[in-house]
$ cat my_file_29.txt   # compact mmCIF, C-alpha atoms
# COMPACT_ATOMS: atom_id res chain seq x y z
CA MET A 1 95.93 142.61 33.35
CA SER A 2 99.27 143.58 34.84
CA GLY A 3 99.58 147.17 36.02
CA ASP A 4 103.27 147.27 35.06
CA PRO A 5 103.57 148.45 31.42
CA ASN A 6 106.81 146.48 31.09
CA PHE A 7 104.77 143.30 31.27
CA ARG A 8 102.33 144.20 28.53
CA ALA A 9 102.85 143.78 24.79
CA PRO A 10 104.68 146.78 23.26
CA VAL A 11 102.72 149.30 21.22
CA GLY A 12 101.97 148.03 17.73
CA VAL A 13 102.13 144.29 18.39
CA HIS A 14 99.44 141.91 19.54
CA ASP A 15 98.87 138.43 20.92
CA VAL A 16 96.76 135.92 18.99
CA LEU A 17 95.03 133.55 21.38
CA PRO A 18 92.64 130.62 20.96
CA PRO A 19 90.12 130.40 19.39
CA GLU A 20 91.34 133.17 17.04
CA SER A 21 94.68 131.42 16.63
CA GLY A 22 92.77 128.32 15.51
CA ARG A 23 91.23 130.37 12.71
CA TRP A 24 94.70 131.54 11.74
CA ALA A 25 95.81 127.91 11.68
CA ALA A 26 92.91 127.04 9.36
CA VAL A 27 93.81 129.89 6.98
CA ILE A 28 97.51 128.99 6.96
CA ALA A 29 96.76 125.30 6.40
CA GLY A 30 94.53 126.18 3.46
CA PHE A 31 97.24 128.38 1.95
CA ALA A 32 99.91 125.70 2.39
CA ASP A 33 97.63 123.12 0.77
CA ARG A 34 96.97 125.24 -2.30
CA ALA A 35 100.63 126.25 -2.64
CA THR A 36 101.98 122.70 -2.35
CA ARG A 37 99.44 121.46 -4.90
CA ALA A 38 100.96 123.98 -7.30
CA GLY A 39 104.49 122.67 -6.70
CA PHE A 40 105.69 125.20 -4.10
CA GLY A 41 107.91 124.17 -1.18
CA LEU A 42 108.18 125.87 2.21
CA VAL A 43 111.09 128.28 2.73
CA GLN A 44 112.08 129.84 6.04
CA THR A 45 114.42 132.82 6.19
CA PRO A 46 115.89 134.70 9.19
CA LEU A 47 113.95 137.38 11.03
CA PHE A 48 116.88 139.74 10.49
CA GLU A 49 119.37 140.29 7.68
CA HIS A 50 122.23 142.60 6.84
CA VAL A 51 120.56 145.93 6.18
CA GLU A 52 121.82 146.01 2.57
CA VAL A 53 119.46 143.14 1.69
CA PHE A 54 116.42 145.29 2.35
CA ARG A 55 117.88 148.47 0.93
CA ARG A 56 117.76 146.71 -2.42
CA VAL A 57 113.96 147.00 -2.38
CA GLY A 58 114.32 150.75 -2.81
CA GLU A 59 116.06 153.48 -0.84
CA HIS A 60 113.19 155.89 -1.50
CA THR A 61 110.37 153.64 -0.34
CA ASP A 62 108.77 154.45 3.01
CA VAL A 63 109.45 150.88 4.14
CA VAL A 64 113.22 151.37 3.89
CA HIS A 65 113.50 155.09 4.48
CA LYS A 66 111.11 155.47 7.44
CA GLU A 67 109.79 152.17 8.75
CA MET A 68 112.64 149.67 8.93
CA TYR A 69 113.93 148.53 12.33
CA GLU A 70 117.72 148.82 12.12
CA PHE A 71 120.21 147.96 14.87
CA ARG A 72 123.87 147.13 15.46
CA ASP A 73 124.64 143.81 17.07
CA LYS A 74 127.48 143.10 19.51
CA GLY A 75 129.82 142.56 16.56
CA ASP A 76 128.98 146.08 15.30
CA ARG A 77 127.17 144.66 12.24
CA LEU A 78 124.33 146.80 10.92
CA LEU A 79 121.26 144.58 10.72
CA ALA A 80 117.55 145.06 10.14
CA LEU A 81 114.41 143.19 11.09
CA ARG A 82 112.68 141.81 8.00
CA PRO A 83 110.14 144.41 6.76
CA GLU A 84 108.88 142.30 3.82
CA GLY A 85 109.28 138.78 2.49
CA THR A 86 110.66 138.96 -1.03
CA ALA A 87 114.13 140.38 -0.37
CA SER A 88 115.06 137.64 2.10
CA VAL A 89 113.87 134.89 -0.26
CA VAL A 90 115.88 136.36 -3.13
CA ARG A 91 118.94 136.65 -0.90
CA ALA A 92 118.55 132.97 -0.01
CA TYR A 93 118.33 132.12 -3.70
CA VAL A 94 121.47 134.09 -4.51
CA GLU A 95 123.37 132.53 -1.60
CA HIS A 96 122.36 128.88 -2.07
CA ARG A 97 121.77 128.79 -5.84
CA PRO A 98 119.01 126.15 -5.94
CA LEU A 99 118.20 124.71 -9.33
CA PRO A 100 115.71 127.00 -11.11
CA PRO A 101 112.84 127.28 -11.44
CA TRP A 102 112.60 127.72 -7.69
CA LYS A 103 109.03 127.84 -6.37
CA VAL A 104 108.64 128.52 -2.65
CA PHE A 105 106.04 129.73 -0.19
CA TYR A 106 106.39 131.18 3.30
CA VAL A 107 104.47 132.09 6.44
CA ALA A 108 106.44 134.66 8.40
CA PRO A 109 106.31 137.76 10.61
CA ASN A 110 107.53 141.09 9.23
CA PHE A 111 108.37 144.26 11.13
CA ARG A 112 107.70 147.91 10.27
CA TYR A 113 107.75 150.96 12.47
CA GLU A 114 104.52 152.65 11.44
CA ARG A 115 101.44 154.05 13.10
CA PRO A 116 99.44 151.09 14.44
CA GLN A 117 95.83 150.83 13.33
CA LYS A 118 93.23 148.16 12.82
CA GLY A 119 94.70 145.40 10.69
CA ARG A 120 98.15 147.03 10.60
CA TYR A 121 100.73 146.24 13.26
CA ARG A 122 104.44 146.82 13.74
CA GLN A 123 104.82 143.06 13.75
CA HIS A 124 102.50 141.60 11.14
CA TRP A 125 102.26 138.16 9.60
CA GLN A 126 102.43 137.47 5.91
CA LEU A 127 101.71 134.56 3.60
CA GLY A 128 103.54 134.64 0.30
CA VAL A 129 105.00 132.82 -2.67
CA GLU A 130 108.02 133.52 -4.85
CA VAL A 131 109.10 131.99 -8.17
CA LEU A 132 112.65 132.56 -9.40
CA GLY A 133 114.08 131.53 -12.76
CA LEU A 134 111.08 131.75 -15.10
CA ASP A 135 110.63 134.56 -17.61
CA ASP A 136 107.23 133.39 -18.79
CA ALA A 137 103.93 135.24 -18.65
CA ASP A 138 102.19 131.97 -17.82
CA ILE A 139 103.97 131.81 -14.45
CA ASP A 140 102.63 135.31 -13.74
CA VAL A 141 99.17 133.89 -14.45
CA GLU A 142 99.81 130.89 -12.20
CA VAL A 143 100.96 133.04 -9.28
CA ILE A 144 98.03 135.45 -9.55
CA ALA A 145 95.53 132.62 -9.98
CA LEU A 146 96.95 130.86 -6.91
CA ALA A 147 96.13 133.89 -4.78
CA ALA A 148 92.70 134.31 -6.39
CA GLY A 149 91.91 130.66 -5.79
CA PHE A 150 93.01 130.91 -2.17
CA TYR A 151 90.62 133.81 -1.55
CA ALA A 152 87.84 131.82 -3.20
CA ASP A 153 88.67 128.79 -1.04
CA LEU A 154 88.16 130.96 2.04
CA GLY A 155 84.75 132.10 0.85
CA LEU A 156 85.66 135.70 0.05
CA ARG A 157 83.36 137.08 -2.65
CA ARG A 158 83.88 140.85 -2.46
CA VAL A 159 87.44 140.84 -3.82
CA ARG A 160 88.67 142.80 -6.83
CA LEU A 161 91.94 142.18 -8.64
CA LYS A 162 93.78 145.17 -10.10
CA VAL A 163 96.57 144.54 -12.61
CA ASN A 164 99.16 146.77 -14.27
CA SER A 165 102.51 146.49 -16.02
CA MET A 166 105.59 148.42 -14.91
CA GLY A 167 107.26 147.70 -18.25
CA ASP A 168 110.90 146.99 -19.01
CA PRO A 169 113.77 149.20 -17.74
CA ASP A 170 114.08 151.34 -20.89
CA GLY A 171 110.38 152.06 -21.22
CA ARG A 172 110.09 152.59 -17.49
CA ALA A 173 112.93 155.13 -17.49
CA ALA A 174 111.19 157.11 -20.24
CA TYR A 175 107.95 156.97 -18.30
CA VAL A 176 109.60 158.16 -15.08
CA GLU A 177 110.95 161.24 -16.87
CA ALA A 178 107.53 161.98 -18.36
CA LEU A 179 105.94 161.51 -14.95
CA ARG A 180 108.52 163.70 -13.23
CA ALA A 181 107.88 166.49 -15.74
CA HIS A 182 104.12 166.26 -15.24
CA LEU A 183 104.27 166.18 -11.47
CA GLY A 184 106.97 168.84 -11.32
CA ALA A 185 104.57 171.26 -12.95
CA HIS A 186 102.37 170.95 -9.84
CA ALA A 187 105.16 171.32 -7.26
CA GLY A 188 104.72 175.08 -6.86
CA VAL A 189 101.14 174.59 -5.71
CA LEU A 190 101.47 171.35 -3.76
CA GLY A 191 104.46 172.30 -1.65
CA GLU A 192 107.88 171.14 -0.48
CA THR A 193 106.99 167.60 0.56
CA PHE A 194 105.46 166.94 -2.83
CA ARG A 195 108.48 168.41 -4.62
CA GLU A 196 110.90 166.29 -2.59
CA ARG A 197 108.92 163.13 -3.34
CA VAL A 198 108.86 163.95 -7.05
CA GLU A 199 112.61 164.53 -7.15
CA ALA A 200 113.45 161.40 -5.18
CA SER A 201 111.05 158.91 -6.80
CA PRO A 202 108.09 160.06 -8.91
CA LEU A 203 106.56 156.56 -8.85
CA ARG A 204 106.13 156.81 -5.09
CA VAL A 205 103.81 159.78 -5.62
CA LEU A 206 101.36 157.46 -7.35
CA ASP A 207 101.12 155.44 -4.11
CA SER A 208 100.03 158.46 -2.10
CA LYS A 209 96.58 158.74 -0.55
CA ASN A 210 97.04 162.48 0.06
CA PRO A 211 93.80 164.06 -1.22
CA ASP A 212 95.63 167.30 -2.13
CA TRP A 213 97.70 165.32 -4.65
CA ALA A 214 94.80 163.40 -6.16
CA GLU A 215 94.25 165.63 -9.19
CA ALA A 216 97.95 165.66 -10.13
CA ILE A 217 97.99 161.86 -9.88
CA ALA A 218 94.75 161.39 -11.81
CA THR A 219 95.99 163.49 -14.76
CA ALA A 220 99.46 161.92 -14.82
CA PRO A 221 100.65 159.98 -17.88
CA ARG A 222 100.00 156.25 -17.83
CA ILE A 223 102.85 153.78 -17.74
CA THR A 224 100.98 151.42 -20.07
CA ASP A 225 101.40 154.06 -22.80
CA HIS A 226 105.18 153.61 -22.50
CA LEU A 227 105.45 149.83 -22.79
CA GLY A 228 107.92 148.44 -25.31
CA PRO A 229 106.91 145.62 -27.68
CA GLU A 230 108.15 142.79 -25.44
CA ALA A 231 106.60 144.20 -22.28
CA SER A 232 103.35 144.85 -24.12
CA ALA A 233 103.23 141.28 -25.48
CA HIS A 234 104.00 139.91 -22.01
CA PHE A 235 101.16 141.94 -20.48
CA ASP A 236 98.74 140.85 -23.20
CA ARG A 237 99.59 137.21 -22.48
CA VAL A 238 98.99 137.70 -18.75
CA GLN A 239 95.56 139.15 -19.42
CA GLU A 240 94.74 136.37 -21.88
CA GLY A 241 95.81 133.66 -19.41
CA LEU A 242 93.80 135.10 -16.53
CA ALA A 243 90.73 135.36 -18.75
CA ALA A 244 91.17 131.73 -19.77
CA LEU A 245 91.14 130.72 -16.09
CA GLY A 246 88.08 132.84 -15.35
CA VAL A 247 89.98 135.28 -13.12
CA ALA A 248 88.36 138.70 -13.48
CA ILE A 249 90.70 141.70 -13.49
CA GLU A 250 90.57 145.50 -13.55
CA LEU A 251 93.35 147.28 -15.43
CA ASP A 252 94.81 150.07 -13.29
CA PRO A 253 97.61 152.11 -14.91
CA ARG A 254 98.23 153.93 -11.59
CA LEU A 255 99.06 150.73 -9.70
CA VAL A 256 102.79 150.70 -8.88
CA ARG A 257 102.81 149.01 -5.44
CA GLY A 258 105.21 150.07 -2.70
CA PHE A 259 108.64 148.87 -3.84
CA ASP A 260 111.08 150.00 -6.49
CA TYR A 261 112.02 146.48 -7.61
CA TYR A 262 108.85 145.74 -9.61
CA THR A 263 109.05 145.19 -13.37
CA ARG A 264 106.34 144.24 -15.83
CA THR A 265 103.37 142.60 -14.06
CA THR A 266 102.11 144.18 -10.83
CA PHE A 267 98.84 143.31 -9.12
CA GLU A 268 96.81 143.94 -6.00
CA PHE A 269 93.78 142.27 -4.45
CA GLN A 270 91.33 144.62 -2.73
CA SER A 271 88.38 143.82 -0.48
CA ASP A 272 85.23 145.86 -0.99
CA ALA A 273 84.15 144.70 2.47
CA LEU A 274 86.84 146.92 4.07
CA ASP A 275 87.31 150.66 4.25
CA ALA A 276 88.68 151.94 0.94
CA ALA A 277 91.77 153.48 2.54
CA GLN A 278 92.90 150.11 3.96
CA ASN A 279 91.33 147.58 1.62
CA ALA A 280 94.42 145.90 0.09
CA ILE A 281 94.54 142.27 1.26
CA GLY A 282 97.45 141.10 -0.89
CA GLY A 283 99.49 141.82 -3.95
CA GLY A 284 102.82 141.56 -5.67
CA GLY A 285 104.48 141.49 -9.01
CA ARG A 286 107.50 140.67 -11.10
CA TYR A 287 111.02 141.72 -9.98
CA ASP A 288 113.36 140.60 -12.71
CA GLY A 289 116.39 142.62 -11.57
CA LEU A 290 116.44 141.96 -7.83
CA ALA A 291 118.66 138.87 -7.77
CA GLU A 292 121.21 140.63 -9.96
CA ALA A 293 121.16 143.65 -7.61
CA MET A 294 122.17 141.29 -4.79
CA GLY A 295 125.18 139.97 -6.69
CA GLY A 296 123.51 136.94 -8.22
CA PRO A 297 123.01 136.02 -11.86
CA ALA A 298 120.29 137.78 -13.82
CA THR A 299 117.23 135.85 -12.66
CA PRO A 300 113.59 136.69 -13.35
CA GLY A 301 111.24 136.50 -10.39
CA ILE A 302 107.64 137.03 -9.36
CA GLY A 303 105.69 136.68 -6.14
CA PHE A 304 103.05 138.05 -3.82
CA GLY A 305 102.42 138.70 -0.14
CA ILE A 306 99.16 138.49 1.82
CA GLY A 307 98.86 140.18 5.21
CA VAL A 308 97.19 137.75 7.60
CA GLU A 309 95.73 140.40 9.94
CA ARG A 310 94.13 142.33 7.08
CA LEU A 311 92.89 139.08 5.55
CA MET A 312 91.20 138.10 8.82
CA LEU A 313 89.41 141.46 8.87
CA ALA A 314 88.10 140.82 5.36
CA LEU A 315 86.92 137.35 6.36
CA GLU A 316 85.16 138.77 9.40
CA ALA A 317 83.53 141.52 7.32
CA GLU A 318 82.15 138.90 4.92
CA ASP A 319 81.12 136.56 7.77
CA ALA A 320 83.49 133.98 6.30
CA LEU A 321 85.82 133.26 9.22
CA PRO A 322 86.80 129.57 9.17
CA ASP A 323 86.10 127.23 12.05
CA PRO A 324 89.11 127.17 14.36
CA ILE A 325 91.42 124.21 14.07
CA GLY A 326 91.64 122.45 17.42
CA ALA A 327 88.79 124.43 18.93
CA HIS A 328 86.92 121.35 20.09
CA PRO A 329 87.98 117.80 20.85
CA ALA A 330 86.03 114.95 19.29
CA VAL A 331 86.04 112.98 22.54
CA PHE A 332 86.06 113.93 26.22
CA VAL A 333 87.12 111.22 28.67
CA VAL A 334 85.23 111.16 31.97
CA ASP A 335 86.94 109.32 34.82
CA GLY A 336 84.31 107.58 36.94
CA LEU A 337 86.86 105.72 39.02
CA GLY A 338 88.64 108.56 40.79
CA ASP A 339 91.68 107.64 42.84
CA ALA A 340 90.73 103.97 42.59
CA GLY A 341 91.03 104.08 38.82
CA GLY A 342 94.79 104.08 38.60
CA THR A 343 95.88 104.99 35.07
CA HIS A 344 92.76 103.89 33.16
CA ALA A 345 91.70 107.42 32.11
CA LEU A 346 95.28 108.41 31.35
CA THR A 347 95.95 105.46 29.04
CA LEU A 348 92.54 105.63 27.34
CA THR A 349 93.10 109.31 26.52
CA ALA A 350 96.54 108.53 25.09
CA THR A 351 95.18 105.64 23.01
CA LEU A 352 92.54 107.85 21.39
CA ARG A 353 95.03 110.64 20.68
CA ASP A 354 97.56 108.21 19.20
CA ALA A 355 94.83 107.00 16.85
CA GLY A 356 94.42 110.54 15.53
CA ILE A 357 91.27 111.41 17.50
CA ALA A 358 91.27 114.81 19.22
CA THR A 359 90.67 113.99 22.88
CA ASP A 360 90.60 115.89 26.15
CA ARG A 361 89.73 115.06 29.76
CA ALA A 362 89.27 116.70 33.15
CA TYR A 363 92.08 116.86 35.68
CA GLY A 364 92.48 117.68 39.33
CA GLY A 365 90.23 114.98 40.80
CA ARG A 366 86.96 116.65 39.83
CA GLY A 367 83.74 114.88 40.68
CA LEU A 368 81.66 113.02 38.12
CA LYS A 369 79.07 115.79 37.76
CA GLY A 370 81.78 118.42 37.25
CA GLN A 371 83.47 116.28 34.62
CA TRP A 372 80.27 115.90 32.61
CA LYS A 373 79.77 119.67 32.76
CA ALA A 374 83.31 120.10 31.47
CA ALA A 375 82.57 117.61 28.69
CA ASP A 376 79.51 119.62 27.62
CA ARG A 377 81.48 122.88 27.68
CA SER A 378 84.32 121.37 25.65
CA GLY A 379 82.17 121.05 22.53
CA ALA A 380 83.17 117.40 22.14
CA ARG A 381 81.00 115.08 20.06
CA PHE A 382 81.27 112.14 22.47
CA GLY A 383 81.81 111.68 26.17
CA VAL A 384 83.57 108.41 27.08
CA MET A 385 83.17 107.33 30.69
CA LEU A 386 85.14 104.76 32.61
CA GLY A 387 83.27 103.50 35.68
CA ARG A 388 83.81 100.47 37.88
CA ALA A 389 81.18 98.42 36.02
CA GLU A 390 82.69 99.31 32.62
CA VAL A 391 86.20 98.37 33.75
CA GLU A 392 84.98 95.02 35.02
CA ARG A 393 83.45 94.31 31.58
CA ASP A 394 86.49 95.80 29.76
CA ALA A 395 84.14 98.33 28.13
CA VAL A 396 83.40 102.06 28.15
CA ALA A 397 80.18 104.05 28.22
CA VAL A 398 79.95 106.38 25.19
CA LYS A 399 77.53 109.28 25.26
CA ASP A 400 76.58 111.37 22.24
CA LEU A 401 76.75 114.77 23.95
CA GLY A 402 74.48 116.42 21.39
CA ARG A 403 71.70 113.83 21.41
CA GLY A 404 72.08 112.54 24.93
CA GLU A 405 72.11 108.91 23.75
CA GLN A 406 74.43 106.51 25.57
CA VAL A 407 75.72 103.05 24.61
CA GLU A 408 78.33 100.65 25.92
CA VAL A 409 81.24 99.78 23.61
CA PRO A 410 83.96 97.15 24.19
CA ARG A 411 87.17 98.97 25.00
CA ALA A 412 89.05 97.10 22.25
CA ASP A 413 86.52 98.38 19.67
CA LEU A 414 86.33 101.98 20.89
CA VAL A 415 88.80 103.57 18.45
CA ALA A 416 87.17 101.97 15.39
CA TRP A 417 83.70 102.78 16.73
CA ILE A 418 84.54 106.48 17.19
CA GLN A 419 86.37 106.76 13.86
CA GLN A 420 83.48 105.22 11.95
CA ARG A 421 80.95 107.66 13.38
CA LEU A 422 83.18 110.66 12.84
CA GLU A 423 83.61 109.64 9.20
CA GLU A 424 79.85 109.12 8.75
CA SER A 425 78.99 112.46 10.34
CA PRO A 426 82.02 114.68 11.01
CA SER A 427 80.07 117.34 12.90
$ encode --input "my_file_29.txt" --output "structure tokens"
Amino acid sequence: MSGDPNFRAPVGVHDVLPPESGRWAAVIAGFADRATRAGFGLVQTPLFEHVEVFRRVGEHTDVVHKEMYEFRDKGDRLLALRPEGTASVVRAYVEHRPLPPWKVFYVAPNFRYERPQKGRYRQHWQLGVEVLGLDDADIDVEVIALAAGFYADLGLRRVRLKVNSMGDPDGRAAYVEALRAHLGAHAGVLGETFRERVEASPLRVLDSKNPDWAEAIATAPRITDHLGPEASAHFDRVQEGLAALGVAIELDPRLVRGFDYYTRTTFEFQSDALDAAQNAIGGGGRYDGLAEAMGGPATPGIGFGIGVERLMLALEAEDALPDPIGAHPAVFVVDGLGDAGGTHALTLTATLRDAGIATDRAYGGRGLKGQWKAADRSGARFGVMLGRAEVERDAVAVKDLGRGEQVEVPRADLVAWIQQRLEESPS
């Protein structure tokens, strides 16, 4: 490790190295597979935007007010690093006007200046989906079920899904006033910080983990008691659809999530395998007014985000970490010819790789014994050796590194021979 702090990763960020990065790759590949099967296409948005894009998620949220990285570029434009995924995707929709419904998924880093802790970094990675242009409770069900199915694919079993409705604007406004009145009655006891939060955005109080505020929050009015007829019917349909798909839910009238843009359906997945204070492994909701707030047409939307670092902690806690992608080659080529072999090992390795077979080899002129040791350490299924006798017969020696059995295979048949055995017994 370098002694110069300038050549170490800054506080709050981290490197992801093999084999851990291979596990990340497996998780991301699984997410992309499930999303594309549901008709979602990949979207990629810039790491930074004009700061106004992110201020639309809510001036009073901690993400915007305290945690956002803002800077002026050389053209004196005020920009911000992306703190969350939804705002950028909605901005892209408003700018490019794709034909709705627009169903997209993303894998992207986000940036927040907050106190680093296990599973929470100042640069963190997020998986997510967004759907714009559908005002239909069934798409809420589809989005939530996609996330639930993804967790199940990974082998997570200790996951709970909490669901709430934030209602429509009129009902929500009435609820906010009722909530402000209730919380305001506690301000004299709970102090200045509490009073300021209540005045600025009462809903943000419900997000707080401050134990001194717990009683005021627990006795607060419930937003589900202020739903209008349309919002209530929408929420009923969401619950009905999830039940039909076998997705278990817990109704939580205190669940408001961390952004001001949510309307109607909100949801959060929590892992019981993690500490209760940091157990959220994904969530999202409907944001029917966000596109309009960015100057676009009134466009309903819904989506979710899943923090990769927190998800990996949950997988580790449940002993469900996937096998790393690319952790082990299938074949390790051993060069028994040395300098006299010319390009035999080089071309054989390339041939196997071009056929789709993960292949590695030793370099640097290592001796035969050292190469076989490297083959064993590589975790490869087969060792393929080229010696003088094999070259003369246009063949290769193939050793099953697990069983120790060795056979000779014509070089022209090697690819088919390896592929057949990998298909018969992949591991």
$ atom_distance --input "my_file_29.txt" --atom1 "CA of Asn210 (chain A)" --atom2 "CA of Leu255 (chain A)"
15.4 Å
$ residues_near_point --input "my_file_29.txt" --point "(100.0, 136.8, -18.5)" --cutoff "9 Å" --atoms "all atoms listed in the file" --output "PyMOL selection string"
chain A and resi 136-142+233-242+265
$ residues_around --input "my_file_29.txt" --residues "region 395-409 of chain A" --least-positions-apart "6" --cutoff "6 Å" --atoms "only C-alpha atoms" --output "count of residues only"
6
$ residues_near_point --input "my_file_29.txt" --point "(89.4, 144.8, 9.1)" --cutoff "10 Å" --atoms "only C-alpha atoms" --output "VMD selection string"
chain A and resid 117 to 120 271 273 to 275 278 to 279 281 309 to 317
$ closest_residue --input "my_file_29.txt" --among "A:Pro19, A:Pro253, A:Pro221, A:Gly12" --to "Ala174 (chain A)" --atoms "only C-alpha atoms"
A:Pro221
$ residues_around --input "my_file_29.txt" --residues "region 123-131 of chain A" --least-positions-apart "3" --cutoff "7 Å" --atoms "all atoms listed in the file" --output "number ranges by chain"
A: 12-13, 101-112, 120, 301-309
$ closest_residue --input "my_file_29.txt" --among "A:Val94, A:Val247, A:Val333, A:Ala320" --to "Gln371 (chain A)" --atoms "all atoms listed in the file"
A:Val333
$ closest_residue --input "my_file_29.txt" --among "A:Val205, A:Gly283, A:Phe40, A:Ala9" --to "Ile217 (chain A)" --atoms "all atoms listed in the file"
A:Val205
$ atom_distance --input "my_file_29.txt" --atom1 "CA of Asp153 (chain A)" --atom2 "CA of Val27 (chain A)"
9.6 Å
$ decode --input "my_file_29.txt" --residues "region 199-242 of chain A" --atoms "C-alpha atoms" --output "mmCIF file, in the first residue's frame"
data_model
loop_
_atom_site.group_PDB
_atom_site.id
_atom_site.type_symbol
_atom_site.label_atom_id
_atom_site.label_comp_id
_atom_site.auth_asym_id
_atom_site.auth_seq_id
_atom_site.Cartn_x
_atom_site.Cartn_y
_atom_site.Cartn_z
ATOM 1 C CA GLU A 199 -42.043 23.523 8.813
ATOM 2 C CA ALA A 200 -39.962 22.669 5.757
ATOM 3 C CA SER A 201 -41.385 19.232 4.906
ATOM 4 C CA PRO A 202 -43.434 17.227 7.425
ATOM 5 C CA LEU A 203 -43.160 14.078 5.285
ATOM 6 C CA ARG A 204 -39.398 14.048 5.800
ATOM 7 C CA VAL A 205 -39.979 13.649 9.541
ATOM 8 C CA LEU A 206 -41.514 10.247 8.860
ATOM 9 C CA ASP A 207 -38.172 9.147 7.343
ATOM 10 C CA SER A 208 -36.269 9.952 10.515
ATOM 11 C CA LYS A 209 -34.602 7.270 12.626
ATOM 12 C CA ASN A 210 -34.184 9.693 15.549
ATOM 13 C CA PRO A 211 -35.412 7.726 18.598
ATOM 14 C CA ASP A 212 -36.537 10.950 20.330
ATOM 15 C CA TRP A 213 -39.040 11.501 17.500
ATOM 16 C CA ALA A 214 -40.354 7.941 17.405
ATOM 17 C CA GLU A 215 -43.461 8.501 19.522
ATOM 18 C CA ALA A 216 -44.536 11.583 17.553
ATOM 19 C CA ILE A 217 -44.119 9.609 14.322
ATOM 20 C CA ALA A 218 -45.905 6.516 15.630
ATOM 21 C CA THR A 219 -48.984 8.517 16.681
ATOM 22 C CA ALA A 220 -49.101 10.611 13.497
ATOM 23 C CA PRO A 221 -52.112 10.410 11.160
ATOM 24 C CA ARG A 222 -51.861 7.871 8.361
ATOM 25 C CA ILE A 223 -51.762 8.964 4.746
ATOM 26 C CA THR A 224 -53.912 5.998 3.718
ATOM 27 C CA ASP A 225 -56.777 7.604 5.666
ATOM 28 C CA HIS A 226 -56.597 10.577 3.272
ATOM 29 C CA LEU A 227 -56.724 8.773 -0.080
ATOM 30 C CA GLY A 228 -59.267 9.978 -2.622
ATOM 31 C CA PRO A 229 -61.465 7.491 -4.506
ATOM 32 C CA GLU A 230 -59.140 7.151 -7.518
ATOM 33 C CA ALA A 231 -55.998 6.767 -5.439
ATOM 34 C CA SER A 232 -57.742 4.266 -3.187
ATOM 35 C CA ALA A 233 -58.935 2.188 -6.160
ATOM 36 C CA HIS A 234 -55.437 2.296 -7.660
ATOM 37 C CA PHE A 235 -53.896 1.071 -4.403
ATOM 38 C CA ASP A 236 -56.470 -1.708 -4.079
ATOM 39 C CA ARG A 237 -55.614 -2.891 -7.593
ATOM 40 C CA VAL A 238 -51.892 -2.924 -6.788
ATOM 41 C CA GLN A 239 -52.508 -5.087 -3.738
ATOM 42 C CA GLU A 240 -54.802 -7.394 -5.695
ATOM 43 C CA GLY A 241 -52.256 -7.800 -8.507
ATOM 44 C CA LEU A 242 -49.365 -8.571 -6.163
#
